[in-house]
Amino acid sequence: MGWADRLIPRRKAAAPRQEEALFDEAFLERLELLQVIARRLFRGRQRSERKTRKVGSGLEFADHREYSPGDDIRYLDWTVWIRLHQALIRLFEEDEDLPIRIVIDVSDSMGTSDGAKLRYAMQVGAALAYVGLANLDRVGITCASGKHHTTLPAVRGKGRIFRVFEFLRTAERGGPTDIRAMCSRVAAESRKPGLTVVLSDFYDLEGAFEGLNMLRVRKHEPVAVQIIDPAEADPTHSGLRGDVQLVDVEGGVHRDVTLSARSLTAYAEAHRRFCEQLEASCRSRGIFATQASLDVPFDDMVLRLFRQGGILR
């Protein structure tokens with residue numbers, strides 16, 4: 001059952017109609033301002049000019065490797081050959097356009113709190129997509145759960161942001177959290193690896209570890225953005241007390257419990273440890289992970305991602 005069995009009452013996911021106001025004129029205005037600030041932060045370091053090690057000429061030298069039959073002898077390091085009699089091929093840093101993929105968890109746990117977590121994830125995802133498209137990157141979007149998996153193939157150009165908006169508005173949602181299956185399918189349908197940002201509450205701890213690590217092993221650059229509802233993470237001030245029936249929104253299991261200040265404090269502490277475990281596991285694997293709280297405006301959250309170095313490095 002995992003973390004979906006949480007100790008606070010749940011309401012059903014928000015209806016898709018509520019998504020209509022997600023990307024209004026005010027949202028677009030904030031995106032434009034966000035893009036201006038992002039350009040200042042990363043002037044001269046556009047995401048579409050990522051460096052990868054490839055053999056080339058007229059590019060920045062990176063390293064050597066041993067000569068293999070079939071290599072172009074133009075890239076032999078003749079200085080090394082003359083001095084050491086070793087056949088080494090010169091490697092150079094070559095600019096390459098790597099795609100950005102934004103993966104949004106649309107499971108039932110993201111639909112709690114009247115869909116606030118899911119709407120926030122979509123706004124952060126749309127903002128990241130906008131900055132990427134404005135920087136001439138190729139950006140693809142995936143909305144997935146253990147039940148649904150829909151993908152908008154990578155597009156380029158700032159004008160394509162409206163396709164992103166429409167895709168997010170109409171994407172199917174609901175079902176159990178299954179981060180491993182979600183990441184596995186994203187990796188399988190990707191023609192080449194790139195920066196892959198996963199937006200989720202990650203209430204599937206074991207699957208989250210396996211899924212993010214799978215992306216890393218397959219040469220993606222995974223970034224984990226954990227969406228946090230402050231009232232969900234710490235319900236000690238919610239006023240909930242006494243006998244209540246809790247419902248696992250993803251498994252349908254009912255549980256009768258008596259809530260006290262002590263039990264709510266214990267829950268808040270357990271949630272904190274859960275978040276720390278996720279972050280520590282990601283860090284141990286070289287995966288950038290951060291929290292995105294609903295009480296932080298989406299554009300401030302995106303700028304924080306930039307400054308922390310997890311995005312547009």
# chains A, B, ... in the order shown; residues from 1 in each chain; ligands from 1

call {"tool": "residues_around", "arguments": {"residues": "Lys219 (chain A)", "least_positions_apart": "6", "cutoff": "10 Å", "atoms": "only C-alpha atoms", "output": "compact mmCIF listing (two decimals) with all heavy atoms, in the first residue's frame"}}
result
# COMPACT_ATOMS: atom_id res chain seq x y z
N ALA A 187 11.91 6.13 -20.35
CA ALA A 187 13.22 5.76 -20.86
C ALA A 187 13.11 4.97 -22.16
O ALA A 187 13.89 5.16 -23.10
CB ALA A 187 13.98 4.95 -19.81
N LYS A 192 16.86 9.43 -27.43
CA LYS A 192 18.17 9.69 -26.85
C LYS A 192 17.98 10.33 -25.48
O LYS A 192 16.98 11.01 -25.24
CB LYS A 192 19.03 10.56 -27.75
CG LYS A 192 18.50 11.95 -28.03
CD LYS A 192 19.47 12.71 -28.93
CE LYS A 192 18.98 14.11 -29.24
NZ LYS A 192 19.93 14.86 -30.08
N PRO A 193 18.89 10.10 -24.56
CA PRO A 193 18.71 10.61 -23.20
C PRO A 193 18.82 12.12 -23.14
O PRO A 193 19.39 12.76 -24.02
CB PRO A 193 19.85 9.93 -22.42
CG PRO A 193 20.89 9.65 -23.45
CD PRO A 193 20.15 9.34 -24.71
N GLY A 194 18.28 12.68 -22.09
CA GLY A 194 18.35 14.12 -21.89
C GLY A 194 18.04 14.45 -20.44
O GLY A 194 18.09 13.58 -19.56
N LEU A 195 17.73 15.70 -20.18
CA LEU A 195 17.32 16.13 -18.85
C LEU A 195 15.87 15.69 -18.64
O LEU A 195 15.00 16.04 -19.43
CB LEU A 195 17.44 17.64 -18.72
CG LEU A 195 17.00 18.24 -17.39
CD1 LEU A 195 17.97 17.87 -16.29
CD2 LEU A 195 16.87 19.75 -17.49
N ASN A 213 16.59 5.86 -10.57
CA ASN A 213 17.89 5.25 -10.82
C ASN A 213 17.93 4.62 -12.21
O ASN A 213 18.98 4.62 -12.87
CB ASN A 213 18.20 4.21 -9.75
CG ASN A 213 19.65 3.82 -9.74
OD1 ASN A 213 20.54 4.67 -9.74
ND2 ASN A 213 19.92 2.53 -9.76

call {"tool": "closest_atom_pairs", "arguments": {"of": "region 215-247 of chain A", "to": "region 101-115 of chain A", "cutoff": "9 Å", "atoms": "only C-alpha atoms", "output": "CSV"}}
result
residue,atom,partner,partner_atom,distance
A:Ile227,CA,A:Met110,CA,8.6
A:Asp229,CA,A:Ser113,CA,8.2
A:Ala231,CA,A:Ser113,CA,8.9
A:Glu232,CA,A:Ser113,CA,8.3

call {"tool": "atom_distance", "arguments": {"atom1": "CA of Gln245 (chain A)", "atom2": "CA of Ile228 (chain A)"}}
result
23.0 Å

call {"tool": "residues_around", "arguments": {"residues": "Phe298 (chain A)", "least_positions_apart": "2", "cutoff": "8 Å", "atoms": "only C-alpha atoms", "output": "PyMOL selection string"}}
result
chain A and resi 120+123-124+127+296+300-302
